[in-house]
>>> print(open('entry.cif').read())   # mmCIF, C-alpha atoms; chains and numbers go by the auth columns
data_target
loop_
_atom_site.group_PDB
_atom_site.id
_atom_site.type_symbol
_atom_site.label_atom_id
_atom_site.label_comp_id
_atom_site.label_asym_id
_atom_site.label_seq_id
_atom_site.Cartn_x
_atom_site.Cartn_y
_atom_site.Cartn_z
_atom_site.B_iso_or_equiv
_atom_site.auth_seq_id
_atom_site.auth_asym_id
ATOM 1 C CA MET A 1 28.835 -10.395 -19.362 0.00 1233 Q
ATOM 2 C CA ASN A 2 29.481 -7.920 -16.546 0.00 1234 Q
ATOM 3 C CA PHE A 3 26.881 -8.092 -13.792 0.00 1235 Q
ATOM 4 C CA LYS A 4 26.068 -4.812 -12.044 0.00 1236 Q
ATOM 5 C CA PRO A 5 23.663 -4.876 -9.075 0.00 1237 Q
ATOM 6 C CA GLU A 6 22.492 -1.324 -9.881 0.00 1238 Q
ATOM 7 C CA ASN A 7 21.068 -2.616 -13.170 0.00 1239 Q
ATOM 8 C CA HIS A 8 19.150 -5.505 -11.593 0.00 1240 Q
ATOM 9 C CA TRP A 9 15.571 -4.217 -11.835 0.00 1241 Q
ATOM 10 C CA THR A 10 12.572 -6.559 -11.970 0.00 1242 Q
ATOM 11 C CA HIS A 11 10.649 -4.222 -14.300 0.00 1243 Q
ATOM 12 C CA PRO A 12 11.701 -1.720 -16.958 0.00 1244 Q
ATOM 13 C CA VAL A 13 12.642 1.559 -15.262 0.00 1245 Q
ATOM 14 C CA ARG A 14 10.724 4.650 -16.404 0.00 1246 Q
ATOM 15 C CA SER A 15 11.419 8.347 -16.036 0.00 1247 Q
ATOM 16 C CA PHE A 16 8.989 10.704 -14.295 0.00 1248 Q
ATOM 17 C CA ASN A 17 7.643 11.995 -17.612 0.00 1249 Q
ATOM 18 C CA GLU A 18 6.901 8.487 -18.889 0.00 1250 Q
ATOM 19 C CA PHE A 19 4.216 7.941 -16.227 0.00 1251 Q
ATOM 20 C CA LYS A 20 0.713 9.094 -17.168 0.00 1252 Q
ATOM 21 C CA ILE A 21 -2.281 10.237 -15.143 0.00 1253 Q
ATOM 22 C CA GLY A 22 -4.863 7.469 -15.059 0.00 1254 Q
ATOM 23 C CA GLU A 23 -2.407 4.549 -15.135 0.00 1255 Q
ATOM 24 C CA ILE A 24 -3.394 1.742 -12.770 0.00 1256 Q
ATOM 25 C CA PHE A 25 -1.115 -0.526 -10.758 0.00 1257 Q
ATOM 26 C CA ARG A 26 -2.201 -3.414 -8.547 0.00 1258 Q
ATOM 27 C CA ALA A 27 -0.575 -5.221 -5.660 0.00 1259 Q
ATOM 28 C CA PRO A 28 -1.093 -8.962 -5.308 0.00 1260 Q
ATOM 29 C CA SER A 29 -4.032 -9.985 -3.145 0.00 1261 Q
ATOM 30 C CA ARG A 30 -3.242 -10.850 0.447 0.00 1262 Q
ATOM 31 C CA THR A 31 -5.282 -12.811 2.955 0.00 1263 Q
ATOM 32 C CA MET A 32 -5.300 -11.471 6.494 0.00 1264 Q
ATOM 33 C CA THR A 33 -4.168 -14.591 8.337 0.00 1265 Q
ATOM 34 C CA GLU A 34 -3.499 -15.046 12.042 0.00 1266 Q
ATOM 35 C CA GLY A 35 0.185 -14.693 11.123 0.00 1267 Q
ATOM 36 C CA VAL A 36 -0.430 -11.220 9.670 0.00 1268 Q
ATOM 37 C CA PHE A 37 -2.271 -10.246 12.877 0.00 1269 Q
ATOM 38 C CA ALA A 38 0.571 -11.577 15.060 0.00 1270 Q
ATOM 39 C CA SER A 39 3.223 -9.840 12.950 0.00 1271 Q
ATOM 40 C CA PHE A 40 1.374 -6.526 13.099 0.00 1272 Q
ATOM 41 C CA GLN A 41 0.901 -6.829 16.864 0.00 1273 Q
ATOM 42 C CA SER A 42 4.597 -7.567 17.292 0.00 1274 Q
ATOM 43 C CA ALA A 43 5.755 -4.723 15.026 0.00 1275 Q
ATOM 44 C CA SER A 44 3.296 -2.098 16.306 0.00 1276 Q
ATOM 45 C CA GLY A 45 3.141 -2.971 19.998 0.00 1277 Q
ATOM 46 C CA ASP A 46 -0.658 -2.613 19.801 0.00 1278 Q
ATOM 47 C CA ASN A 47 -2.113 -4.957 22.404 0.00 1279 Q
ATOM 48 C CA HIS A 48 -5.700 -3.725 22.614 0.00 1280 Q
ATOM 49 C CA PRO A 49 -8.064 -6.726 22.854 0.00 1281 Q
ATOM 50 C CA ILE A 50 -10.274 -5.381 20.023 0.00 1282 Q
ATOM 51 C CA HIS A 51 -7.681 -6.737 17.599 0.00 1283 Q
ATOM 52 C CA TYR A 52 -6.446 -9.920 19.305 0.00 1284 Q
ATOM 53 C CA ASP A 53 -8.917 -11.344 21.862 0.00 1285 Q
ATOM 54 C CA ARG A 54 -11.633 -13.438 20.183 0.00 1286 Q
ATOM 55 C CA ASN A 55 -13.777 -13.599 23.342 0.00 1287 Q
ATOM 56 C CA TYR A 56 -13.627 -9.821 23.741 0.00 1288 Q
ATOM 57 C CA LEU A 57 -14.563 -9.405 20.070 0.00 1289 Q
ATOM 58 C CA LYS A 58 -17.414 -11.904 20.248 0.00 1290 Q
ATOM 59 C CA ARG A 59 -18.952 -10.010 23.197 0.00 1291 Q
ATOM 60 C CA ARG A 60 -18.949 -6.902 20.962 0.00 1292 Q
ATOM 61 C CA GLY A 61 -20.518 -8.618 17.959 0.00 1293 Q
ATOM 62 C CA HIS A 62 -17.422 -9.124 15.822 0.00 1294 Q
ATOM 63 C CA PRO A 63 -17.122 -12.473 14.009 0.00 1295 Q
ATOM 64 C CA ASP A 64 -13.324 -12.800 14.254 0.00 1296 Q
ATOM 65 C CA LEU A 65 -10.058 -10.906 14.789 0.00 1297 Q
ATOM 66 C CA TYR A 66 -10.629 -7.279 13.757 0.00 1298 Q
ATOM 67 C CA SER A 67 -7.838 -5.651 11.732 0.00 1299 Q
ATOM 68 C CA HIS A 68 -6.325 -2.392 12.924 0.00 1300 Q
ATOM 69 C CA GLY A 69 -6.665 0.334 10.276 0.00 1301 Q
ATOM 70 C CA PHE A 70 -2.884 0.540 9.892 0.00 1302 Q
ATOM 71 C CA GLN A 71 -2.727 -3.245 9.501 0.00 1303 Q
ATOM 72 C CA THR A 72 -5.142 -2.935 6.602 0.00 1304 Q
ATOM 73 C CA LEU A 73 -3.360 0.124 5.194 0.00 1305 Q
ATOM 74 C CA ILE A 74 0.066 -1.533 5.040 0.00 1306 Q
ATOM 75 C CA GLN A 75 -1.343 -3.746 2.309 0.00 1307 Q
ATOM 76 C CA ALA A 76 -1.136 -0.590 0.175 0.00 1308 Q
ATOM 77 C CA ALA A 77 2.665 -0.446 0.095 0.00 1309 Q
ATOM 78 C CA ILE A 78 3.692 0.358 -3.488 0.00 1310 Q
ATOM 79 C CA GLY A 79 6.794 -1.814 -3.132 0.00 1311 Q
ATOM 80 C CA ALA A 80 4.476 -4.787 -3.708 0.00 1312 Q
ATOM 81 C CA THR A 81 3.533 -3.390 -7.140 0.00 1313 Q
ATOM 82 C CA PRO A 82 5.409 -2.945 -10.419 0.00 1314 Q
ATOM 83 C CA LEU A 83 5.103 0.840 -9.889 0.00 1315 Q
ATOM 84 C CA ALA A 84 7.846 1.197 -7.279 0.00 1316 Q
ATOM 85 C CA HIS A 85 10.183 -0.935 -9.359 0.00 1317 Q
ATOM 86 C CA GLN A 86 9.446 1.120 -12.484 0.00 1318 Q
ATOM 87 C CA MET A 87 10.330 4.283 -10.514 0.00 1319 Q
ATOM 88 C CA GLY A 88 13.803 2.797 -10.031 0.00 1320 Q
ATOM 89 C CA ASP A 89 16.422 5.164 -8.641 0.00 1321 Q
ATOM 90 C CA ALA A 90 14.163 8.159 -9.297 0.00 1322 Q
ATOM 91 C CA LEU A 91 12.208 7.359 -6.133 0.00 1323 Q
ATOM 92 C CA ILE A 92 13.355 9.675 -3.345 0.00 1324 Q
ATOM 93 C CA GLY A 93 10.667 8.931 -0.798 0.00 1325 Q
ATOM 94 C CA PHE A 94 7.103 8.541 0.392 0.00 1326 Q
ATOM 95 C CA ILE A 95 6.059 12.031 1.501 0.00 1327 Q
ATOM 96 C CA GLU A 96 2.358 12.001 2.334 0.00 1328 Q
ATOM 97 C CA GLN A 97 -0.672 9.791 2.754 0.00 1329 Q
ATOM 98 C CA SER A 98 -4.262 10.057 3.850 0.00 1330 Q
ATOM 99 C CA SER A 99 -6.878 7.382 4.152 0.00 1331 Q
ATOM 100 C CA ARG A 100 -10.420 6.643 5.205 0.00 1332 Q
ATOM 101 C CA PHE A 101 -11.359 3.283 6.671 0.00 1333 Q
ATOM 102 C CA LEU A 102 -14.801 2.454 5.319 0.00 1334 Q
ATOM 103 C CA ALA A 103 -15.582 -1.114 6.404 0.00 1335 Q
ATOM 104 C CA PRO A 104 -14.169 -3.692 8.816 0.00 1336 Q
ATOM 105 C CA VAL A 105 -11.535 -6.227 7.837 0.00 1337 Q
ATOM 106 C CA TYR A 106 -11.425 -9.528 9.699 0.00 1338 Q
ATOM 107 C CA CYS A 107 -9.095 -12.495 9.902 0.00 1339 Q
ATOM 108 C CA GLY A 108 -9.624 -14.524 6.731 0.00 1340 Q
ATOM 109 C CA ASP A 109 -10.534 -11.564 4.507 0.00 1341 Q
ATOM 110 C CA THR A 110 -8.502 -11.189 1.317 0.00 1342 Q
ATOM 111 C CA LEU A 111 -7.519 -7.654 0.301 0.00 1343 Q
ATOM 112 C CA TYR A 112 -6.977 -6.254 -3.208 0.00 1344 Q
ATOM 113 C CA PRO A 113 -5.016 -2.947 -3.309 0.00 1345 Q
ATOM 114 C CA THR A 114 -5.189 -0.729 -6.414 0.00 1346 Q
ATOM 115 C CA PHE A 115 -3.232 2.448 -7.184 0.00 1347 Q
ATOM 116 C CA ARG A 116 -4.172 4.991 -9.871 0.00 1348 Q
ATOM 117 C CA ILE A 117 -1.937 7.901 -10.836 0.00 1349 Q
ATOM 118 C CA ALA A 118 -4.133 10.894 -10.014 0.00 1350 Q
ATOM 119 C CA ASN A 119 -1.659 13.733 -10.559 0.00 1351 Q
ATOM 120 C CA MET A 120 1.907 14.411 -11.688 0.00 1352 Q
ATOM 121 C CA ILE A 121 3.436 17.679 -10.466 0.00 1353 Q
ATOM 122 C CA ALA A 122 6.826 18.511 -11.969 0.00 1354 Q
ATOM 123 C CA GLY A 123 9.184 20.985 -10.346 0.00 1355 Q
ATOM 124 C CA ARG A 124 12.645 22.031 -11.512 0.00 1356 Q
ATOM 125 C CA THR A 125 14.556 18.939 -10.378 0.00 1357 Q
ATOM 126 C CA THR A 126 11.951 16.797 -8.643 0.00 1358 Q
ATOM 127 C CA GLY A 127 8.346 15.877 -9.143 0.00 1359 Q
ATOM 128 C CA VAL A 128 5.484 14.550 -7.072 0.00 1360 Q
ATOM 129 C CA MET A 129 3.402 11.574 -8.109 0.00 1361 Q
ATOM 130 C CA GLU A 130 0.013 11.482 -6.419 0.00 1362 Q
ATOM 131 C CA LEU A 131 -1.796 8.157 -6.265 0.00 1363 Q
ATOM 132 C CA SER A 132 -5.416 7.427 -5.567 0.00 1364 Q
ATOM 133 C CA VAL A 133 -5.479 4.254 -3.458 0.00 1365 Q
ATOM 134 C CA THR A 134 -8.300 1.783 -2.903 0.00 1366 Q
ATOM 135 C CA ILE A 135 -8.435 -1.525 -1.090 0.00 1367 Q
ATOM 136 C CA HIS A 136 -11.336 -3.888 -1.663 0.00 1368 Q
ATOM 137 C CA LYS A 137 -11.992 -7.196 0.030 0.00 1369 Q
ATOM 138 C CA GLN A 138 -13.053 -10.457 -1.571 0.00 1370 Q
ATOM 139 C CA ASP A 139 -16.785 -9.659 -1.613 0.00 1371 Q
ATOM 140 C CA GLY A 140 -16.171 -6.359 -3.445 0.00 1372 Q
ATOM 141 C CA THR A 141 -16.553 -4.138 -0.377 0.00 1373 Q
ATOM 142 C CA LEU A 142 -14.397 -0.998 -0.504 0.00 1374 Q
ATOM 143 C CA VAL A 143 -12.596 -0.985 2.858 0.00 1375 Q
ATOM 144 C CA VAL A 144 -10.015 1.799 2.339 0.00 1376 Q
ATOM 145 C CA GLU A 145 -9.736 4.787 0.052 0.00 1377 Q
ATOM 146 C CA GLY A 146 -7.047 7.391 0.176 0.00 1378 Q
ATOM 147 C CA MET A 147 -4.107 9.168 -1.384 0.00 1379 Q
ATOM 148 C CA GLN A 148 -0.345 8.686 -1.376 0.00 1380 Q
ATOM 149 C CA ARG A 149 2.333 11.085 -2.630 0.00 1381 Q
ATOM 150 C CA TYR A 150 5.868 10.209 -3.691 0.00 1382 Q
ATOM 151 C CA LEU A 151 8.813 12.483 -4.441 0.00 1383 Q
ATOM 152 C CA LEU A 152 10.865 11.529 -7.514 0.00 1384 Q
ATOM 153 C CA ASN A 153 13.941 12.884 -9.249 0.00 1385 Q
ATOM 154 C CA LEU A 154 13.078 14.215 -12.692 0.00 1386 Q
ATOM 155 C CA GLN A 155 16.455 13.196 -14.067 0.00 1387 Q
ATOM 156 C CA SER A 156 17.305 9.773 -12.758 0.00 1388 Q
ATOM 157 C CA PRO A 157 20.067 7.513 -14.015 0.00 1389 Q
ATOM 158 C CA ARG A 158 18.747 4.290 -15.490 0.00 1390 Q
#
>>> encode(input="entry.cif", output="structure tokens")
Amino acid sequence: MNFKPENHWTHPVRSFNEFKIGEIFRAPSRTMTEGVFASFQSASGDNHPIHYDRNYLKRRGHPDLYSHGFQTLIQAAIGATPLAHQMGDALIGFIEQSSRFLAPVYCGDTLYPTFRIANMIAGRTTGVMELSVTIHKQDGTLVVEGMQRYLLNLQSPR
């Protein structure tokens, strides 16, 4: 058996035309631990006390560390879902996103990202996949809703 790294996909690879509007993909749940807060602070450089100083937060009526919107949004990375792996080599890049932050996320909350294919726009050689994105927390509260767009090759080698 000849091993080829380019054939080592974790999910069956699909072409652009094999994806259908309405399909749903989910990322695993993730709890917003102190480690996630520290990692985000380190990566972003954001040092505002509204996200990291429990005394500051308590004086403002917050029960715990308060997640930055981007910290919440990064839980909606499609690479954590089967979708990105099914795109395979067709995936060219992440080209657009928008989001609305609807409710607070605190340390200890568990987030559940969901992606639904909302539109498929084929061009001559590339196409755009538009995803409707939601993130709920453990009590069912919708905390983020938005859209992501990805550029894909229409003819991708498998």
>>> residues_around(input="entry.cif", residues="segment 1303-1315 of chain Q", least_positions_apart="6", cutoff="8 Å", atoms="all atoms listed in the file", output="mmCIF file with C-alpha atoms, keeping the file's coordinate frame")
data_model
loop_
_atom_site.group_PDB
_atom_site.id
_atom_site.type_symbol
_atom_site.label_atom_id
_atom_site.label_comp_id
_atom_site.auth_asym_id
_atom_site.auth_seq_id
_atom_site.Cartn_x
_atom_site.Cartn_y
_atom_site.Cartn_z
ATOM 1 C CA HIS Q 1243 10.649 -4.222 -14.300
ATOM 2 C CA PHE Q 1257 -1.115 -0.526 -10.758
ATOM 3 C CA ARG Q 1258 -2.201 -3.414 -8.547
ATOM 4 C CA ALA Q 1259 -0.575 -5.221 -5.660
ATOM 5 C CA PRO Q 1260 -1.093 -8.962 -5.308
ATOM 6 C CA ARG Q 1262 -3.242 -10.850 0.447
ATOM 7 C CA PHE Q 1269 -2.271 -10.246 12.877
ATOM 8 C CA PHE Q 1272 1.374 -6.526 13.099
ATOM 9 C CA VAL Q 1337 -11.535 -6.227 7.837
ATOM 10 C CA LEU Q 1343 -7.519 -7.654 0.301
ATOM 11 C CA PRO Q 1345 -5.016 -2.947 -3.309
ATOM 12 C CA THR Q 1346 -5.189 -0.729 -6.414
ATOM 13 C CA VAL Q 1365 -5.479 4.254 -3.458
ATOM 14 C CA ILE Q 1367 -8.435 -1.525 -1.090
ATOM 15 C CA VAL Q 1376 -10.015 1.799 2.339
#
>>> residues_around(input="entry.cif", residues="Lys1252 of chain Q", least_positions_apart="2", cutoff="9 Å", atoms="only C-alpha atoms", output="MDAnalysis selection string")
chainID Q and resid 1248:1250 1254:1255 1349:1352
>>> closest_residue(input="entry.cif", among="Q:Glu1266, Q:Glu1362, Q:Asp1371, Q:Asp1278", to="Ile1327 of chain Q", atoms="only C-alpha atoms")
Q:Glu1362
>>> resolve_selection(input="entry.cif", expression="the PyMOL selection byres ((chain Q and resi 1382) around 6)", output="ChimeraX atom specification")
/Q:1325-1327,1360-1361,1381,1383
>>> write_last_selection(input="entry.cif", atoms="C-alpha atoms", output="compact mmCIF listing (two decimals), in the coordinates of the input")
# COMPACT_ATOMS: atom_id res chain seq x y z
CA GLY Q 1325 10.67 8.93 -0.80
CA PHE Q 1326 7.10 8.54 0.39
CA ILE Q 1327 6.06 12.03 1.50
CA VAL Q 1360 5.48 14.55 -7.07
CA MET Q 1361 3.40 11.57 -8.11
CA ARG Q 1381 2.33 11.08 -2.63
CA LEU Q 1383 8.81 12.48 -4.44
>>> closest_residue(input="entry.cif", among="Q:Arg1292, Q:Arg1356, Q:His1283, Q:Arg1348", to="Phe1251 of chain Q", atoms="only C-alpha atoms")
Q:Arg1348
>>> residues_around(input="entry.cif", residues="Ala1270 of chain Q", least_positions_apart="2", cutoff="12 Å", atoms="all atoms listed in the file", output="list in words")
Met1264, Thr1265, Glu1266, Gly1267, Val1268, Phe1272, Gln1273, Ser1274, Ala1275, Ser1276, Gly1277, Asp1278, Asn1279, His1283, Tyr1284, Asp1285, Leu1297, Ser1299, His1300, Gln1303 and Cys1339 of chain Q
>>> write_last_selection(input="entry.cif", atoms="C-alpha atoms", output="short mmCIF file (atom, residue, chain, number, x, y, z; two decimals), in the coordinates of the input")
data_model
loop_
_atom_site.label_atom_id
_atom_site.label_comp_id
_atom_site.auth_asym_id
_atom_site.auth_seq_id
_atom_site.Cartn_x
_atom_site.Cartn_y
_atom_site.Cartn_z
CA MET Q 1264 -5.30 -11.47 6.49
CA THR Q 1265 -4.17 -14.59 8.34
CA GLU Q 1266 -3.50 -15.05 12.04
CA GLY Q 1267 0.18 -14.69 11.12
CA VAL Q 1268 -0.43 -11.22 9.67
CA PHE Q 1272 1.37 -6.53 13.10
CA GLN Q 1273 0.90 -6.83 16.86
CA SER Q 1274 4.60 -7.57 17.29
CA ALA Q 1275 5.76 -4.72 15.03
CA SER Q 1276 3.30 -2.10 16.31
CA GLY Q 1277 3.14 -2.97 20.00
CA ASP Q 1278 -0.66 -2.61 19.80
CA ASN Q 1279 -2.11 -4.96 22.40
CA HIS Q 1283 -7.68 -6.74 17.60
CA TYR Q 1284 -6.45 -9.92 19.30
CA ASP Q 1285 -8.92 -11.34 21.86
CA LEU Q 1297 -10.06 -10.91 14.79
CA SER Q 1299 -7.84 -5.65 11.73
CA HIS Q 1300 -6.32 -2.39 12.92
CA GLN Q 1303 -2.73 -3.24 9.50
CA CYS Q 1339 -9.10 -12.50 9.90
#
>>> residues_around(input="entry.cif", residues="Thr1358 of chain Q", least_positions_apart="4", cutoff="7 Å", atoms="all atoms listed in the file", output="tab-separated table (two decimals) with C-alpha atoms, keeping the file's coordinate frame")
chain	number	residue	atom	x	y	z
Q	1354	ALA	CA	6.83	18.51	-11.97
Q	1383	LEU	CA	8.81	12.48	-4.44
Q	1384	LEU	CA	10.86	11.53	-7.51
Q	1385	ASN	CA	13.94	12.88	-9.25
Q	1386	LEU	CA	13.08	14.22	-12.69
>>> residues_around(input="entry.cif", residues="Pro1295 of chain Q", least_positions_apart="5", cutoff="8 Å", atoms="only C-alpha atoms", output="PDB file with C-alpha atoms, in the frame of the given file")
ATOM      1  CA  LEU Q1289     -14.563  -9.405  20.070  1.00  0.00           C
ATOM      2  CA  LYS Q1290     -17.414 -11.904  20.248  1.00  0.00           C
ATOM      3  CA  TYR Q1338     -11.425  -9.528   9.699  1.00  0.00           C
TER       4      TYR Q1338
END
>>> residues_near_point(input="entry.cif", point="(-8.2, -8.8, -0.9)", cutoff="6 Å", atoms="all atoms listed in the file", output="number ranges by chain")
Q: 1261-1262, 1342-1344, 1368-1370
>>> resolve_selection(input="entry.cif", expression="the PyMOL selection byres ((chain Q and resi 1329) around 8)", output="VMD selection string")
chain Q and resid 1327 to 1328 1330 to 1331 1378 to 1381
>>> atom_distance(input="entry.cif", atom1="atom CA of Gly1359 of chain Q", atom2="atom CA of Glu1377 of chain Q")
23.1 Å
>>> atom_distance(input="entry.cif", atom1="atom CA of Ser1364 of chain Q", atom2="atom CA of Val1245 of chain Q")
21.3 Å
>>> resolve_selection(input="entry.cif", expression="the PyMOL selection byres ((chain Q and resi 1233-1240) around 12)", output="PyMOL selection string")
chain Q and resi 1241-1245+1317-1318+1320-1321+1389-1390
>>> decode(input="entry.cif", residues="segment 1303-1319 of chain Q", atoms="N, CA, C and O atoms", output="PDB file, in the first residue's frame")
ATOM      1  N   GLN Q1303     -13.714  36.391  20.856  1.00  0.00           N
ATOM      2  CA  GLN Q1303     -13.415  35.145  21.569  1.00  0.00           C
ATOM      3  C   GLN Q1303     -14.570  34.167  21.417  1.00  0.00           C
ATOM      4  O   GLN Q1303     -14.362  32.963  21.268  1.00  0.00           O
ATOM      5  N   THR Q1304     -15.776  34.683  21.451  1.00  0.00           N
ATOM      6  CA  THR Q1304     -16.956  33.850  21.234  1.00  0.00           C
ATOM      7  C   THR Q1304     -17.009  33.410  19.771  1.00  0.00           C
ATOM      8  O   THR Q1304     -17.236  32.246  19.463  1.00  0.00           O
ATOM      9  N   LEU Q1305     -16.772  34.348  18.866  1.00  0.00           N
ATOM     10  CA  LEU Q1305     -16.885  34.076  17.432  1.00  0.00           C
ATOM     11  C   LEU Q1305     -15.893  33.029  16.935  1.00  0.00           C
ATOM     12  O   LEU Q1305     -16.218  32.249  16.035  1.00  0.00           O
ATOM     13  N   ILE Q1306     -14.703  32.967  17.530  1.00  0.00           N
ATOM     14  CA  ILE Q1306     -13.727  31.984  17.037  1.00  0.00           C
ATOM     15  C   ILE Q1306     -14.189  30.552  17.266  1.00  0.00           C
ATOM     16  O   ILE Q1306     -13.647  29.630  16.651  1.00  0.00           O
ATOM     17  N   GLN Q1307     -15.205  30.376  18.076  1.00  0.00           N
ATOM     18  CA  GLN Q1307     -15.765  29.032  18.252  1.00  0.00           C
ATOM     19  C   GLN Q1307     -16.495  28.587  16.986  1.00  0.00           C
ATOM     20  O   GLN Q1307     -16.842  27.419  16.836  1.00  0.00           O
ATOM     21  N   ALA Q1308     -16.722  29.526  16.076  1.00  0.00           N
ATOM     22  CA  ALA Q1308     -17.393  29.229  14.807  1.00  0.00           C
ATOM     23  C   ALA Q1308     -16.384  29.094  13.668  1.00  0.00           C
ATOM     24  O   ALA Q1308     -16.620  29.556  12.552  1.00  0.00           O
ATOM     25  N   ALA Q1309     -15.283  28.444  13.923  1.00  0.00           N
ATOM     26  CA  ALA Q1309     -14.301  28.145  12.874  1.00  0.00           C
ATOM     27  C   ALA Q1309     -14.712  26.826  12.218  1.00  0.00           C
ATOM     28  O   ALA Q1309     -14.827  25.804  12.903  1.00  0.00           O
ATOM     29  N   ILE Q1310     -14.943  26.844  10.906  1.00  0.00           N
ATOM     30  CA  ILE Q1310     -15.432  25.624  10.248  1.00  0.00           C
ATOM     31  C   ILE Q1310     -14.434  24.481  10.281  1.00  0.00           C
ATOM     32  O   ILE Q1310     -14.805  23.330  10.098  1.00  0.00           O
ATOM     33  N   GLY Q1311     -13.166  24.771  10.538  1.00  0.00           N
ATOM     34  CA  GLY Q1311     -12.170  23.705  10.620  1.00  0.00           C
ATOM     35  C   GLY Q1311     -12.459  22.714  11.739  1.00  0.00           C
ATOM     36  O   GLY Q1311     -11.921  21.608  11.734  1.00  0.00           O
ATOM     37  N   ALA Q1312     -13.315  23.096  12.685  1.00  0.00           N
ATOM     38  CA  ALA Q1312     -13.705  22.192  13.766  1.00  0.00           C
ATOM     39  C   ALA Q1312     -14.885  21.309  13.366  1.00  0.00           C
ATOM     40  O   ALA Q1312     -15.344  20.502  14.156  1.00  0.00           O
ATOM     41  N   THR Q1313     -15.375  21.464  12.145  1.00  0.00           N
ATOM     42  CA  THR Q1313     -16.540  20.709  11.672  1.00  0.00           C
ATOM     43  C   THR Q1313     -16.136  19.763  10.543  1.00  0.00           C
ATOM     44  O   THR Q1313     -15.094  19.944   9.908  1.00  0.00           O
ATOM     45  N   PRO Q1314     -16.989  18.800  10.228  1.00  0.00           N
ATOM     46  CA  PRO Q1314     -16.730  17.956   9.053  1.00  0.00           C
ATOM     47  C   PRO Q1314     -16.741  18.765   7.746  1.00  0.00           C
ATOM     48  O   PRO Q1314     -16.114  18.355   6.775  1.00  0.00           O
ATOM     49  N   LEU Q1315     -17.437  19.913   7.728  1.00  0.00           N
ATOM     50  CA  LEU Q1315     -17.589  20.678   6.493  1.00  0.00           C
ATOM     51  C   LEU Q1315     -16.252  21.045   5.861  1.00  0.00           C
ATOM     52  O   LEU Q1315     -16.037  20.799   4.670  1.00  0.00           O
ATOM     53  N   ALA Q1316     -15.354  21.630   6.613  1.00  0.00           N
ATOM     54  CA  ALA Q1316     -14.074  22.054   6.035  1.00  0.00           C
ATOM     55  C   ALA Q1316     -13.301  20.876   5.476  1.00  0.00           C
ATOM     56  O   ALA Q1316     -12.648  20.973   4.441  1.00  0.00           O
ATOM     57  N   HIS Q1317     -13.394  19.743   6.163  1.00  0.00           N
ATOM     58  CA  HIS Q1317     -12.682  18.550   5.702  1.00  0.00           C
ATOM     59  C   HIS Q1317     -13.343  17.970   4.451  1.00  0.00           C
ATOM     60  O   HIS Q1317     -12.660  17.432   3.584  1.00  0.00           O
ATOM     61  N   GLN Q1318     -14.654  18.096   4.333  1.00  0.00           N
ATOM     62  CA  GLN Q1318     -15.342  17.625   3.132  1.00  0.00           C
ATOM     63  C   GLN Q1318     -15.057  18.540   1.939  1.00  0.00           C
ATOM     64  O   GLN Q1318     -15.123  18.107   0.795  1.00  0.00           O
ATOM     65  N   MET Q1319     -14.732  19.805   2.195  1.00  0.00           N
ATOM     66  CA  MET Q1319     -14.343  20.717   1.106  1.00  0.00           C
ATOM     67  C   MET Q1319     -13.016  20.284   0.499  1.00  0.00           C
ATOM     68  O   MET Q1319     -12.758  20.517  -0.673  1.00  0.00           O
TER      69      MET Q1319
END
